[in-house]
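Single-structure report; data block below.
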Amino acid sequence: MHRLKTLSSSTDQIRTAYLQRKSELDATRKKLEQATARPPEDRAKPQASPEEKAKSIKSITAFSEKLTSAKLPAWAAIEKADGAIRILPGVSLPSGNAGFQAFGALAPTLASLDSEWVLELTARAEPGPESWETAQERADLLIRSAEKSLKGQPAHLRLRIETTKGPRMEWRLQPPEVVAKPNPSSKPAPETKAEKK
């Protein structure tokens, strides 16, 4: 009789642990699906024509020259990427929260070079059990620092949160013609007027 009770209680413990793990897995899957869901304008991007590519390369080169003449900190590493310019943290960036705040505080310098460019701020964390929380905390530090340093200065600012291998933070600067290209198949939503009662 005692063995039966012991066996029954251990079976219940196993069942409870299994259900708990299953619910954690489902919650993680939902978070992952939400995070990987991209906006519709990103999903249906048409391929750029050779003229558009040449124009994009020309504007990226011009902006890159402005960046090199701007007074960026010594720890800021500039890299030309496909259709954008990346600014990555270097070794001499302060560690901890101070580093994230200093990196986010580059926003006014970048926006002052050309206010039409889109400044995309990316916060990353290595994949792991607490990666989403870590990436969200980093994103919060970065965006607060960027907003605070802009002080009302006009800028096109985006925030991206990722759990992938790579630098903890990154600025991705995109020319307006690359970002604002309208999708020919999309139709504007009809305007609705709120009725007063």
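Residues are named by chain letter and number: chains run A, B, ... in the order of the structure tokens, numbers start at 1 in each chain, and ligands are numbered from 1 in the order shown.
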
>> Show me, as a VMD selection string, the residues that have an atom within 6 Å of segment 163-174 of chain A when counting only C-alpha atoms, minus same-chain residues fewer than 2 positions from it.
In response: chain A and resid 84 to 88 117 to 127

>> Quick check for you: according to DSSP on this backbone, which residues of segment 52-168 of chain A are classed as strand (DSSP E or B)? Reply as a PyMOL selection string.
In response: chain A and resi 76-81+84-89+118-124+156-162

What does the file look like for those residues with N, CA and C atoms, as a PDB file, in the first residue's frame?
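Generated file (again-v3.pdb):
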```
ATOM      1  N   ALA A  76      33.494  54.111 -31.561  1.00  0.00           N
ATOM      2  CA  ALA A  76      32.469  53.871 -32.585  1.00  0.00           C
ATOM      3  C   ALA A  76      33.116  53.341 -33.861  1.00  0.00           C
ATOM      4  N   ALA A  77      32.748  52.132 -34.249  1.00  0.00           N
ATOM      5  CA  ALA A  77      33.267  51.519 -35.470  1.00  0.00           C
ATOM      6  C   ALA A  77      32.226  51.656 -36.577  1.00  0.00           C
ATOM      7  N   ILE A  78      32.615  52.221 -37.718  1.00  0.00           N
ATOM      8  CA  ILE A  78      31.700  52.452 -38.840  1.00  0.00           C
ATOM      9  C   ILE A  78      31.935  51.379 -39.895  1.00  0.00           C
ATOM     10  N   GLU A  79      30.824  50.827 -40.405  1.00  0.00           N
ATOM     11  CA  GLU A  79      30.905  49.773 -41.410  1.00  0.00           C
ATOM     12  C   GLU A  79      29.813  49.992 -42.449  1.00  0.00           C
ATOM     13  N   LYS A  80      30.175  49.953 -43.731  1.00  0.00           N
ATOM     14  CA  LYS A  80      29.168  50.046 -44.793  1.00  0.00           C
ATOM     15  C   LYS A  80      28.579  48.660 -44.996  1.00  0.00           C
ATOM     16  N   ALA A  81      27.254  48.589 -44.978  1.00  0.00           N
ATOM     17  CA  ALA A  81      26.561  47.322 -45.194  1.00  0.00           C
ATOM     18  C   ALA A  81      25.694  47.462 -46.443  1.00  0.00           C
ATOM     19  N   ALA A  84      22.857  50.218 -46.199  1.00  0.00           N
ATOM     20  CA  ALA A  84      22.867  50.933 -44.919  1.00  0.00           C
ATOM     21  C   ALA A  84      24.297  51.129 -44.432  1.00  0.00           C
ATOM     22  N   ILE A  85      24.405  51.885 -43.349  1.00  0.00           N
ATOM     23  CA  ILE A  85      25.685  52.068 -42.658  1.00  0.00           C
ATOM     24  C   ILE A  85      25.478  51.582 -41.233  1.00  0.00           C
ATOM     25  N   ARG A  86      26.408  50.781 -40.750  1.00  0.00           N
ATOM     26  CA  ARG A  86      26.313  50.269 -39.375  1.00  0.00           C
ATOM     27  C   ARG A  86      27.337  50.974 -38.500  1.00  0.00           C
ATOM     28  N   ILE A  87      26.916  51.283 -37.277  1.00  0.00           N
ATOM     29  CA  ILE A  87      27.848  51.784 -36.272  1.00  0.00           C
ATOM     30  C   ILE A  87      27.826  50.776 -35.136  1.00  0.00           C
ATOM     31  N   LEU A  88      28.996  50.223 -34.848  1.00  0.00           N
ATOM     32  CA  LEU A  88      29.116  49.166 -33.848  1.00  0.00           C
ATOM     33  C   LEU A  88      29.966  49.643 -32.678  1.00  0.00           C
ATOM     34  N   PRO A  89      29.757  49.053 -31.497  1.00  0.00           N
ATOM     35  CA  PRO A  89      30.566  49.444 -30.339  1.00  0.00           C
ATOM     36  C   PRO A  89      31.968  48.848 -30.435  1.00  0.00           C
ATOM     37  N   VAL A 118      16.822  57.153 -41.636  1.00  0.00           N
ATOM     38  CA  VAL A 118      16.219  56.372 -40.562  1.00  0.00           C
ATOM     39  C   VAL A 118      17.331  55.810 -39.691  1.00  0.00           C
ATOM     40  N   LEU A 119      17.234  56.078 -38.392  1.00  0.00           N
ATOM     41  CA  LEU A 119      18.212  55.589 -37.424  1.00  0.00           C
ATOM     42  C   LEU A 119      17.593  54.395 -36.705  1.00  0.00           C
ATOM     43  N   GLU A 120      18.095  53.217 -36.993  1.00  0.00           N
ATOM     44  CA  GLU A 120      17.562  52.010 -36.366  1.00  0.00           C
ATOM     45  C   GLU A 120      18.532  51.562 -35.277  1.00  0.00           C
ATOM     46  N   LEU A 121      18.029  51.491 -34.078  1.00  0.00           N
ATOM     47  CA  LEU A 121      18.830  51.113 -32.917  1.00  0.00           C
ATOM     48  C   LEU A 121      18.496  49.670 -32.559  1.00  0.00           C
ATOM     49  N   THR A 122      19.494  48.805 -32.564  1.00  0.00           N
ATOM     50  CA  THR A 122      19.277  47.385 -32.300  1.00  0.00           C
ATOM     51  C   THR A 122      19.911  46.990 -30.974  1.00  0.00           C
ATOM     52  N   ALA A 123      19.126  46.275 -30.157  1.00  0.00           N
ATOM     53  CA  ALA A 123      19.629  45.710 -28.899  1.00  0.00           C
ATOM     54  C   ALA A 123      19.611  44.195 -29.050  1.00  0.00           C
ATOM     55  N   ARG A 124      20.731  43.544 -28.743  1.00  0.00           N
ATOM     56  CA  ARG A 124      20.831  42.089 -28.900  1.00  0.00           C
ATOM     57  C   ARG A 124      21.222  41.415 -27.601  1.00  0.00           C
ATOM     58  N   HIS A 156      14.107  60.198 -37.410  1.00  0.00           N
ATOM     59  CA  HIS A 156      13.361  58.969 -37.677  1.00  0.00           C
ATOM     60  C   HIS A 156      14.082  57.864 -36.911  1.00  0.00           C
ATOM     61  N   LEU A 157      13.520  57.469 -35.790  1.00  0.00           N
ATOM     62  CA  LEU A 157      14.184  56.530 -34.890  1.00  0.00           C
ATOM     63  C   LEU A 157      13.375  55.248 -34.793  1.00  0.00           C
ATOM     64  N   ARG A 158      14.048  54.110 -34.937  1.00  0.00           N
ATOM     65  CA  ARG A 158      13.414  52.795 -34.795  1.00  0.00           C
ATOM     66  C   ARG A 158      14.182  51.996 -33.762  1.00  0.00           C
ATOM     67  N   LEU A 159      13.468  51.078 -33.119  1.00  0.00           N
ATOM     68  CA  LEU A 159      14.103  50.195 -32.145  1.00  0.00           C
ATOM     69  C   LEU A 159      13.865  48.758 -32.566  1.00  0.00           C
ATOM     70  N   ARG A 160      14.914  47.947 -32.537  1.00  0.00           N
ATOM     71  CA  ARG A 160      14.793  46.530 -32.876  1.00  0.00           C
ATOM     72  C   ARG A 160      15.409  45.726 -31.739  1.00  0.00           C
ATOM     73  N   ILE A 161      14.721  44.658 -31.345  1.00  0.00           N
ATOM     74  CA  ILE A 161      15.209  43.775 -30.283  1.00  0.00           C
ATOM     75  C   ILE A 161      15.437  42.403 -30.901  1.00  0.00           C
ATOM     76  N   GLU A 162      16.631  41.846 -30.694  1.00  0.00           N
ATOM     77  CA  GLU A 162      16.972  40.541 -31.265  1.00  0.00           C
ATOM     78  C   GLU A 162      17.633  39.652 -30.227  1.00  0.00           C
TER      79      GLU A 162
END
```

>> Need to verify the contact set: Phe103 of chain A, 8 Å, only C-alpha atoms, exclusion of same-chain residues closer than 2 positions in sequence. Can you return it as number ranges by chain?
In response: A: 89, 99-101, 105-106, 142, 169

Please write the residues from the selection above to a file, keeping N, CA and C atoms, as a PDB file, in the first residue's frame.
```pdb
ATOM      1  N   PRO A  89      29.757  49.053 -31.497  1.00  0.00           N
ATOM      2  CA  PRO A  89      30.566  49.444 -30.339  1.00  0.00           C
ATOM      3  C   PRO A  89      31.968  48.848 -30.435  1.00  0.00           C
ATOM      4  N   GLY A  99      27.859  52.172 -20.914  1.00  0.00           N
ATOM      5  CA  GLY A  99      28.131  51.898 -22.321  1.00  0.00           C
ATOM      6  C   GLY A  99      26.879  51.992 -23.173  1.00  0.00           C
ATOM      7  N   PHE A 100      25.773  51.423 -22.675  1.00  0.00           N
ATOM      8  CA  PHE A 100      24.511  51.486 -23.412  1.00  0.00           C
ATOM      9  C   PHE A 100      24.024  52.928 -23.518  1.00  0.00           C
ATOM     10  N   GLN A 101      24.183  53.690 -22.440  1.00  0.00           N
ATOM     11  CA  GLN A 101      23.751  55.088 -22.454  1.00  0.00           C
ATOM     12  C   GLN A 101      24.606  55.918 -23.406  1.00  0.00           C
ATOM     13  N   ALA A 105      23.305  57.691 -26.843  1.00  0.00           N
ATOM     14  CA  ALA A 105      23.464  59.148 -26.899  1.00  0.00           C
ATOM     15  C   ALA A 105      24.092  59.630 -28.209  1.00  0.00           C
ATOM     16  N   LEU A 106      24.433  58.720 -29.113  1.00  0.00           N
ATOM     17  CA  LEU A 106      24.925  59.118 -30.436  1.00  0.00           C
ATOM     18  C   LEU A 106      23.793  59.656 -31.316  1.00  0.00           C
ATOM     19  N   LEU A 142      18.999  51.792 -24.202  1.00  0.00           N
ATOM     20  CA  LEU A 142      19.409  52.459 -25.435  1.00  0.00           C
ATOM     21  C   LEU A 142      18.397  53.512 -25.885  1.00  0.00           C
ATOM     22  N   MET A 169      24.790  45.854 -29.230  1.00  0.00           N
ATOM     23  CA  MET A 169      24.051  47.020 -29.699  1.00  0.00           C
ATOM     24  C   MET A 169      24.590  47.442 -31.049  1.00  0.00           C
TER      25      MET A 169
END
```

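Candidate residues A:Arg21, A:Ala35, A:Phe63, A:Ser95 were compared for distance to Gln136 of chain A, and the nearest is A:Ala35, using only C-alpha atoms.
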
>> With DSSP run on the backbone, what are the helix (DSSP H, G or I) residues within segment 10-192 of chain A? I'd like them as an MDAnalysis selection string.
In response: chainID A and resid 10:36 40:43 50:69 97:104 107:113 131:150 176:179

>> Can you measure atom CA of Gln20 of chain A to atom CA of Glu137 of chain A for me? One decimal in Å is fine.
In response: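 These atoms are spaced 25.8 Å apart.
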
> Got a sec: who's within 10 Å of Lys71 of chain A, counting only C-alpha atoms, leaving out chain neighbours fewer than 4 positions off, as a VMD selection string?
Replying inline: chain A and resid 66 to 67 109

> So what do you get for atom CA of Pro176 of chain A versus atom CA of Glu147 of chain A, distance-wise?
Replying inline: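 Those two atoms sit 20.4 Å apart.
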
>> One decimal, in Å: what's the spacing between atom CA of Pro175 of chain A and atom CA of Ser112 of chain A?
In response: 13.9 Å
